[in-house]
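What follows is the content of upload_11.tsv (TSV, N, CA and C atoms).
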```
chain	number	residue	atom	x	y	z
A	8	MET	N	122.26	111.53	107.49
A	8	MET	CA	122.63	110.78	108.67
A	8	MET	C	121.53	110.81	109.72
A	9	HIS	N	120.65	111.81	109.70
A	9	HIS	CA	119.58	111.87	110.70
A	9	HIS	C	118.53	110.77	110.48
A	10	GLU	N	118.62	110.06	109.37
A	10	GLU	CA	117.67	108.98	109.12
A	10	GLU	C	117.88	107.79	110.06
A	11	LEU	N	119.10	107.59	110.56
A	11	LEU	CA	119.34	106.46	111.46
A	11	LEU	C	118.51	106.56	112.74
A	12	PRO	N	118.57	107.67	113.49
A	12	PRO	CA	117.74	107.72	114.71
A	12	PRO	C	116.24	107.69	114.40
A	13	ILE	N	115.85	108.23	113.27
A	13	ILE	CA	114.44	108.18	112.88
A	13	ILE	C	114.03	106.73	112.63
A	14	THR	N	114.88	106.00	111.91
A	14	THR	CA	114.59	104.60	111.61
A	14	THR	C	114.59	103.77	112.90
A	15	GLU	N	115.48	104.08	113.82
A	15	GLU	CA	115.49	103.38	115.12
A	15	GLU	C	114.17	103.61	115.85
A	16	ASN	N	113.64	104.83	115.80
A	16	ASN	CA	112.36	105.12	116.45
A	16	ASN	C	111.22	104.35	115.80
A	17	ILE	N	111.23	104.28	114.48
A	17	ILE	CA	110.20	103.53	113.76
A	17	ILE	C	110.26	102.05	114.18
A	18	LEU	N	111.46	101.51	114.26
A	18	LEU	CA	111.62	100.12	114.68
A	18	LEU	C	111.11	99.92	116.10
A	19	ASP	N	111.45	100.81	117.01
A	19	ASP	CA	110.98	100.70	118.39
A	19	ASP	C	109.45	100.70	118.45
A	20	ILE	N	108.82	101.58	117.70
A	20	ILE	CA	107.36	101.66	117.69
A	20	ILE	C	106.77	100.37	117.14
A	21	ALA	N	107.32	99.89	116.03
A	21	ALA	CA	106.80	98.68	115.39
A	21	ALA	C	106.95	97.46	116.28
A	22	VAL	N	108.10	97.31	116.91
A	22	VAL	CA	108.34	96.16	117.80
A	22	VAL	C	107.39	96.22	119.00
A	23	THR	N	107.25	97.39	119.58
A	23	THR	CA	106.35	97.56	120.73
A	23	THR	C	104.92	97.20	120.34
A	24	TYR	N	104.47	97.71	119.20
A	24	TYR	CA	103.12	97.40	118.73
A	24	TYR	C	102.95	95.91	118.50
A	25	ALA	N	103.92	95.29	117.83
A	25	ALA	CA	103.85	93.86	117.53
A	25	ALA	C	103.78	93.04	118.82
A	26	GLN	N	104.57	93.41	119.80
A	26	GLN	CA	104.55	92.69	121.08
A	26	GLN	C	103.21	92.85	121.77
A	27	GLN	N	102.66	94.05	121.76
A	27	GLN	CA	101.36	94.29	122.38
A	27	GLN	C	100.25	93.52	121.68
A	28	ALA	N	100.39	93.32	120.38
A	28	ALA	CA	99.39	92.60	119.59
A	28	ALA	C	99.65	91.09	119.57
A	29	SER	N	100.68	90.65	120.30
A	29	SER	CA	101.09	89.24	120.30
A	29	SER	C	101.32	88.72	118.89
A	30	ALA	N	101.92	89.57	118.07
A	30	ALA	CA	102.18	89.21	116.67
A	30	ALA	C	103.41	88.33	116.56
A	31	LYS	N	103.40	87.48	115.53
A	31	LYS	CA	104.56	86.65	115.23
A	31	LYS	C	105.64	87.48	114.56
A	32	ARG	N	105.18	88.40	113.71
A	32	ARG	CA	106.12	89.28	113.03
A	32	ARG	C	105.39	90.47	112.40
A	33	VAL	N	106.17	91.49	112.11
A	33	VAL	CA	105.66	92.66	111.38
A	33	VAL	C	105.92	92.40	109.91
A	34	THR	N	104.90	92.59	109.07
A	34	THR	CA	105.06	92.32	107.64
A	34	THR	C	105.23	93.58	106.80
A	35	ALA	N	104.65	94.69	107.24
A	35	ALA	CA	104.75	95.92	106.46
A	35	ALA	C	104.51	97.14	107.35
A	36	LEU	N	105.15	98.23	106.95
A	36	LEU	CA	104.94	99.52	107.61
A	36	LEU	C	104.65	100.55	106.52
A	37	HIS	N	103.70	101.43	106.79
A	37	HIS	CA	103.31	102.46	105.84
A	37	HIS	C	103.71	103.82	106.43
A	38	LEU	N	104.60	104.49	105.73
A	38	LEU	CA	105.13	105.77	106.17
A	38	LEU	C	104.61	106.88	105.26
A	39	VAL	N	104.25	108.00	105.85
A	39	VAL	CA	103.82	109.18	105.11
A	39	VAL	C	104.95	110.21	105.23
A	40	VAL	N	105.43	110.68	104.07
A	40	VAL	CA	106.58	111.58	104.04
A	40	VAL	C	106.24	112.79	103.18
A	41	GLY	N	106.32	113.97	103.78
A	41	GLY	CA	106.04	115.20	103.04
A	41	GLY	C	107.21	115.59	102.14
A	42	GLN	N	106.87	116.24	101.04
A	42	GLN	CA	107.85	116.69	100.06
A	42	GLN	C	108.91	117.61	100.69
A	43	LEU	N	108.51	118.40	101.67
A	43	LEU	CA	109.44	119.35	102.27
A	43	LEU	C	110.22	118.78	103.45
A	44	SER	N	109.89	117.56	103.85
A	44	SER	CA	110.67	116.94	104.93
A	44	SER	C	112.02	116.58	104.34
A	45	SER	N	112.99	116.45	105.20
A	45	SER	CA	114.33	116.14	104.71
A	45	SER	C	114.60	114.63	104.74
A	46	ILE	N	113.54	113.85	104.78
A	46	ILE	CA	113.65	112.39	104.85
A	46	ILE	C	113.93	111.82	103.47
A	47	VAL	N	114.94	110.97	103.39
A	47	VAL	CA	115.30	110.31	102.14
A	47	VAL	C	114.88	108.84	102.25
A	48	ASP	N	113.94	108.44	101.39
A	48	ASP	CA	113.39	107.09	101.44
A	48	ASP	C	114.47	106.02	101.40
A	49	ASP	N	115.41	106.17	100.48
A	49	ASP	CA	116.47	105.16	100.33
A	49	ASP	C	117.32	105.03	101.59
A	50	SER	N	117.54	106.13	102.29
A	50	SER	CA	118.32	106.07	103.54
A	50	SER	C	117.55	105.34	104.63
A	51	ILE	N	116.26	105.64	104.74
A	51	ILE	CA	115.43	104.94	105.72
A	51	ILE	C	115.45	103.44	105.41
A	52	GLN	N	115.28	103.11	104.14
A	52	GLN	CA	115.27	101.70	103.72
A	52	GLN	C	116.61	101.03	104.04
A	53	PHE	N	117.70	101.72	103.75
A	53	PHE	CA	119.05	101.19	104.00
A	53	PHE	C	119.23	100.87	105.48
A	54	TYR	N	118.92	101.83	106.35
A	54	TYR	CA	119.07	101.60	107.79
A	54	TYR	C	118.09	100.54	108.29
A	55	TRP	N	116.87	100.55	107.75
A	55	TRP	CA	115.87	99.57	108.15
A	55	TRP	C	116.37	98.15	107.91
A	56	ASP	N	116.91	97.93	106.73
A	56	ASP	CA	117.40	96.59	106.39
A	56	ASP	C	118.48	96.12	107.36
A	57	ILE	N	119.27	97.02	107.88
A	57	ILE	CA	120.35	96.67	108.80
A	57	ILE	C	119.83	96.46	110.22
A	58	ILE	N	119.09	97.43	110.74
A	58	ILE	CA	118.73	97.39	112.16
A	58	ILE	C	117.54	96.50	112.48
A	59	SER	N	116.74	96.14	111.47
A	59	SER	CA	115.57	95.30	111.77
A	59	SER	C	115.90	93.81	111.77
A	60	LYS	N	117.11	93.45	111.36
A	60	LYS	CA	117.50	92.03	111.39
A	60	LYS	C	117.38	91.52	112.82
A	61	ASP	N	117.00	90.27	112.95
A	61	ASP	CA	116.89	89.62	114.26
A	61	ASP	C	115.86	90.28	115.18
A	62	THR	N	114.86	90.93	114.58
A	62	THR	CA	113.75	91.49	115.36
A	62	THR	C	112.45	90.97	114.77
A	63	LEU	N	111.34	91.29	115.39
A	63	LEU	CA	110.02	90.93	114.85
A	63	LEU	C	109.75	91.61	113.50
A	64	CYS	N	110.57	92.59	113.16
A	64	CYS	CA	110.37	93.35	111.92
A	64	CYS	C	111.26	92.89	110.78
A	65	ALA	N	112.07	91.88	111.00
A	65	ALA	CA	112.97	91.40	109.94
A	65	ALA	C	112.17	91.04	108.70
A	66	GLY	N	112.56	91.58	107.57
A	66	GLY	CA	111.88	91.30	106.31
A	66	GLY	C	110.64	92.11	106.04
A	67	ALA	N	110.24	92.96	106.98
A	67	ALA	CA	109.05	93.79	106.77
A	67	ALA	C	109.30	94.78	105.64
A	68	THR	N	108.27	95.00	104.85
A	68	THR	CA	108.34	95.93	103.73
A	68	THR	C	107.97	97.33	104.18
A	69	LEU	N	108.76	98.31	103.76
A	69	LEU	CA	108.43	99.71	104.02
A	69	LEU	C	107.74	100.28	102.79
A	70	HIS	N	106.60	100.91	103.00
A	70	HIS	CA	105.87	101.58	101.93
A	70	HIS	C	105.91	103.08	102.21
A	71	PHE	N	106.33	103.86	101.23
A	71	PHE	CA	106.45	105.30	101.38
A	71	PHE	C	105.38	106.00	100.56
A	72	GLU	N	104.58	106.82	101.22
A	72	GLU	CA	103.60	107.66	100.53
A	72	GLU	C	104.13	109.09	100.61
A	73	ARG	N	104.37	109.70	99.48
A	73	ARG	CA	104.88	111.07	99.42
A	73	ARG	C	103.72	112.05	99.34
A	74	ILE	N	103.74	113.05	100.21
A	74	ILE	CA	102.72	114.10	100.24
A	74	ILE	C	103.31	115.35	99.58
A	75	PRO	N	102.66	115.85	98.53
A	75	PRO	CA	103.18	117.07	97.90
A	75	PRO	C	103.05	118.28	98.82
A	76	ALA	N	103.92	119.23	98.62
A	76	ALA	CA	103.88	120.47	99.41
A	76	ALA	C	102.74	121.35	98.89
A	77	ARG	N	101.95	121.85	99.82
A	77	ARG	CA	100.89	122.81	99.49
A	77	ARG	C	101.14	124.07	100.28
A	78	LEU	N	101.04	125.19	99.60
A	78	LEU	CA	101.30	126.48	100.22
A	78	LEU	C	100.06	127.36	100.12
A	79	GLU	N	99.95	128.27	101.08
A	79	GLU	CA	98.88	129.26	101.07
A	79	GLU	C	99.52	130.63	101.13
A	80	CYS	N	99.11	131.50	100.21
A	80	CYS	CA	99.62	132.87	100.18
A	80	CYS	C	98.95	133.66	101.30
A	81	GLN	N	99.74	134.34	102.10
A	81	GLN	CA	99.22	135.14	103.21
A	81	GLN	C	98.70	136.50	102.74
A	82	GLU	N	98.95	136.84	101.49
A	82	GLU	CA	98.46	138.10	100.92
A	82	GLU	C	97.10	137.94	100.27
A	83	CYS	N	97.00	136.96	99.35
A	83	CYS	CA	95.75	136.83	98.57
A	83	CYS	C	94.93	135.59	98.92
A	84	GLY	N	95.50	134.68	99.74
A	84	GLY	CA	94.76	133.48	100.16
A	84	GLY	C	94.80	132.34	99.16
A	85	HIS	N	95.50	132.51	98.06
A	85	HIS	CA	95.60	131.46	97.04
A	85	HIS	C	96.37	130.27	97.59
A	86	THR	N	95.86	129.06	97.35
A	86	THR	CA	96.60	127.85	97.74
A	86	THR	C	97.04	127.14	96.46
A	87	TYR	N	98.23	126.56	96.53
A	87	TYR	CA	98.77	125.88	95.34
A	87	TYR	C	99.75	124.80	95.78
A	88	THR	N	99.95	123.86	94.88
A	88	THR	CA	100.88	122.76	95.09
A	88	THR	C	102.23	123.15	94.53
A	89	LEU	N	103.24	122.92	95.33
A	89	LEU	CA	104.61	123.24	94.92
A	89	LEU	C	105.08	122.19	93.94
A	90	SER	N	105.52	122.62	92.77
A	90	SER	CA	105.94	121.67	91.75
A	90	SER	C	107.43	121.35	91.84
A	91	ARG	N	108.21	122.25	92.36
A	91	ARG	CA	109.66	122.01	92.49
A	91	ARG	C	110.18	122.80	93.68
A	92	GLU	N	111.18	123.65	93.51
A	92	GLU	CA	111.72	124.42	94.62
A	92	GLU	C	110.72	125.51	95.04
A	93	LEU	N	110.97	126.07	96.21
A	93	LEU	CA	110.10	127.10	96.76
A	93	LEU	C	109.96	128.25	95.78
A	94	MET	N	108.74	128.69	95.57
A	94	MET	CA	108.47	129.77	94.63
A	94	MET	C	107.44	130.72	95.21
A	95	VAL	N	107.41	131.94	94.72
A	95	VAL	CA	106.44	132.93	95.18
A	95	VAL	C	105.04	132.54	94.71
A	96	CYS	N	104.05	133.20	95.26
A	96	CYS	CA	102.66	132.92	94.89
A	96	CYS	C	102.46	133.15	93.39
A	97	PRO	N	101.96	132.15	92.68
A	97	PRO	CA	101.75	132.33	91.25
A	97	PRO	C	100.59	133.29	90.93
A	98	GLN	N	99.78	133.58	91.94
A	98	GLN	CA	98.63	134.46	91.75
A	98	GLN	C	99.00	135.94	91.88
A	99	CYS	N	99.75	136.27	92.95
A	99	CYS	CA	100.03	137.68	93.22
A	99	CYS	C	101.52	138.00	93.33
A	100	GLY	N	102.38	136.98	93.35
A	100	GLY	CA	103.82	137.21	93.42
A	100	GLY	C	104.37	137.43	94.83
A	101	SER	N	103.53	137.29	95.83
A	101	SER	CA	103.98	137.49	97.21
A	101	SER	C	104.87	136.34	97.68
A	102	ALA	N	105.79	136.68	98.55
A	102	ALA	CA	106.65	135.66	99.17
A	102	ALA	C	106.18	135.33	100.58
A	103	ARG	N	105.07	135.92	101.01
A	103	ARG	CA	104.50	135.62	102.34
A	103	ARG	C	103.64	134.37	102.22
A	104	LEU	N	104.27	133.24	102.47
A	104	LEU	CA	103.62	131.96	102.26
A	104	LEU	C	103.57	131.15	103.55
A	105	LYS	N	102.56	130.32	103.65
A	105	LYS	CA	102.40	129.42	104.78
A	105	LYS	C	102.32	128.00	104.23
A	106	VAL	N	103.12	127.11	104.79
A	106	VAL	CA	103.07	125.70	104.39
A	106	VAL	C	101.85	125.08	105.06
A	107	ILE	N	100.98	124.48	104.25
A	107	ILE	CA	99.80	123.82	104.81
A	107	ILE	C	99.86	122.30	104.65
A	108	ALA	N	100.79	121.81	103.87
A	108	ALA	CA	101.03	120.37	103.74
A	108	ALA	C	102.41	120.16	103.13
A	109	GLY	N	103.01	119.02	103.46
A	109	GLY	CA	104.29	118.69	102.85
A	109	GLY	C	105.44	118.57	103.83
A	110	GLU	N	105.19	118.86	105.11
A	110	GLU	CA	106.24	118.72	106.12
A	110	GLU	C	106.05	117.46	106.96
A	111	GLU	N	105.04	116.68	106.63
A	111	GLU	CA	104.68	115.51	107.42
A	111	GLU	C	105.77	114.44	107.40
A	112	PHE	N	105.81	113.71	108.49
A	112	PHE	CA	106.53	112.44	108.54
A	112	PHE	C	105.90	111.65	109.67
A	113	ARG	N	105.25	110.54	109.30
A	113	ARG	CA	104.60	109.74	110.33
A	113	ARG	C	104.50	108.29	109.89
A	114	LEU	N	104.38	107.44	110.88
A	114	LEU	CA	104.11	106.03	110.66
A	114	LEU	C	102.59	105.91	110.62
A	115	GLU	N	102.05	105.66	109.44
A	115	GLU	CA	100.61	105.63	109.23
A	115	GLU	C	99.98	104.34	109.73
A	116	SER	N	100.62	103.20	109.41
A	116	SER	CA	100.05	101.92	109.84
A	116	SER	C	101.11	100.83	109.84
A	117	ILE	N	100.81	99.79	110.59
A	117	ILE	CA	101.70	98.63	110.73
A	117	ILE	C	100.88	97.39	110.45
A	118	GLU	N	101.39	96.52	109.60
A	118	GLU	CA	100.74	95.24	109.32
A	118	GLU	C	101.53	94.15	110.03
A	119	VAL	N	100.80	93.27	110.73
A	119	VAL	CA	101.45	92.19	111.47
A	119	VAL	C	100.83	90.84	111.10
A	120	GLU	N	101.58	89.80	111.38
A	120	GLU	CA	101.11	88.44	111.22
A	120	GLU	C	100.92	87.88	112.62
A	121	THR	N	99.71	87.39	112.88
A	121	THR	CA	99.44	86.86	114.23
A	121	THR	C	99.38	85.35	114.24
```

Take the structure I supplied and represent it as structure tokens, if you would.
Amino acid sequence: MHELPITENILDIAVTYAQQASAKRVTALHLVVGQLSSIVDDSIQFYWDIISKDTLCAGATLHFERIPARLECQECGHTYTLSRELMVCPQCGSARLKVIAGEEFRLESIEVET
């Protein structure tokens, strides 16, 4: 359910940008979503299709780029990509881990028609 306010914010940003650029319409948005974020692509898409109607963003395509989770062991310094659920360091077995990638969520770019 938290995807609705997130999608509303994305729409606000896109409409504001389009207006500032004197665009006729927004054609595409590129979103970067980390593996560890709780963002569900299908939910964002579902809300987008509903709330973007009758705006400069109506019909705009959402593109989702998924960023894999990368962790760094605080014991041995080993960095690795998380393949599934959270796991201990494969090098030394430590659970002292730092997330260095995978929590991202951002609007990377907006394509408009002028």

Neighbour list for Glu10 of chain A as a list in words, cut-off 10 Å, only C-alpha atoms, skip fewer than 6 positions in-chain |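 Counting only C-alpha atoms, the residues come to Asn16, Ser45, Ile46, Val47, Asp48, Asp49, Ser50, Ile51, Gln52, Phe53, Tyr54 and Trp55 of chain A.
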
How would you write as a PyMOL selection string the residues that get within 7 Å of (102.0, 119.1, 95.6) in the file's frame, counting all atoms listed in the file?
-> chain A and resi 74-77+87-90

If you count all atoms listed in the file, which residues fall within 6.5 Å of Val40 of chain A, apart from same-chain ones fewer than 6 positions away, as a PyMOL selection string?
-> chain A and resi 71-74+109-113

Tell me which protein, DNA and RNA residues are within 12 Å of Asp56 of chain A, counting only C-alpha atoms, leaving out same-chain ones fewer than 5 positions away, and put them as a ChimeraX atom specification.
-> /A:11,14-15,18,49-51,61-62,64-69

Preceding selection exported with N, CA and C atoms as an mmCIF file, keeping the file's coordinate frame:
```cif
data_model
loop_
_atom_site.group_PDB
_atom_site.id
_atom_site.type_symbol
_atom_site.label_atom_id
_atom_site.label_comp_id
_atom_site.auth_asym_id
_atom_site.auth_seq_id
_atom_site.Cartn_x
_atom_site.Cartn_y
_atom_site.Cartn_z
ATOM 1 N N LEU A 11 119.100 107.590 110.560
ATOM 2 C CA LEU A 11 119.340 106.460 111.460
ATOM 3 C C LEU A 11 118.510 106.560 112.740
ATOM 4 N N THR A 14 114.880 106.000 111.910
ATOM 5 C CA THR A 14 114.590 104.600 111.610
ATOM 6 C C THR A 14 114.590 103.770 112.900
ATOM 7 N N GLU A 15 115.480 104.080 113.820
ATOM 8 C CA GLU A 15 115.490 103.380 115.120
ATOM 9 C C GLU A 15 114.170 103.610 115.850
ATOM 10 N N LEU A 18 111.460 101.510 114.260
ATOM 11 C CA LEU A 18 111.620 100.120 114.680
ATOM 12 C C LEU A 18 111.110 99.920 116.100
ATOM 13 N N ASP A 49 115.410 106.170 100.480
ATOM 14 C CA ASP A 49 116.470 105.160 100.330
ATOM 15 C C ASP A 49 117.320 105.030 101.590
ATOM 16 N N SER A 50 117.540 106.130 102.290
ATOM 17 C CA SER A 50 118.320 106.070 103.540
ATOM 18 C C SER A 50 117.550 105.340 104.630
ATOM 19 N N ILE A 51 116.260 105.640 104.740
ATOM 20 C CA ILE A 51 115.430 104.940 105.720
ATOM 21 C C ILE A 51 115.450 103.440 105.410
ATOM 22 N N ASP A 61 117.000 90.270 112.950
ATOM 23 C CA ASP A 61 116.890 89.620 114.260
ATOM 24 C C ASP A 61 115.860 90.280 115.180
ATOM 25 N N THR A 62 114.860 90.930 114.580
ATOM 26 C CA THR A 62 113.750 91.490 115.360
ATOM 27 C C THR A 62 112.450 90.970 114.770
ATOM 28 N N CYS A 64 110.570 92.590 113.160
ATOM 29 C CA CYS A 64 110.370 93.350 111.920
ATOM 30 C C CYS A 64 111.260 92.890 110.780
ATOM 31 N N ALA A 65 112.070 91.880 111.000
ATOM 32 C CA ALA A 65 112.970 91.400 109.940
ATOM 33 C C ALA A 65 112.170 91.040 108.700
ATOM 34 N N GLY A 66 112.560 91.580 107.570
ATOM 35 C CA GLY A 66 111.880 91.300 106.310
ATOM 36 C C GLY A 66 110.640 92.110 106.040
ATOM 37 N N ALA A 67 110.240 92.960 106.980
ATOM 38 C CA ALA A 67 109.050 93.790 106.770
ATOM 39 C C ALA A 67 109.300 94.780 105.640
ATOM 40 N N THR A 68 108.270 95.000 104.850
ATOM 41 C CA THR A 68 108.340 95.930 103.730
ATOM 42 C C THR A 68 107.970 97.330 104.180
ATOM 43 N N LEU A 69 108.760 98.310 103.760
ATOM 44 C CA LEU A 69 108.430 99.710 104.020
ATOM 45 C C LEU A 69 107.740 100.280 102.790
#
```

Mind checking DSSP for chain A and telling me the strand (DSSP E or B) residues as a ChimeraX atom specification?
-> /A:32-41,68-74,77-80,86-88,104-108,112-120
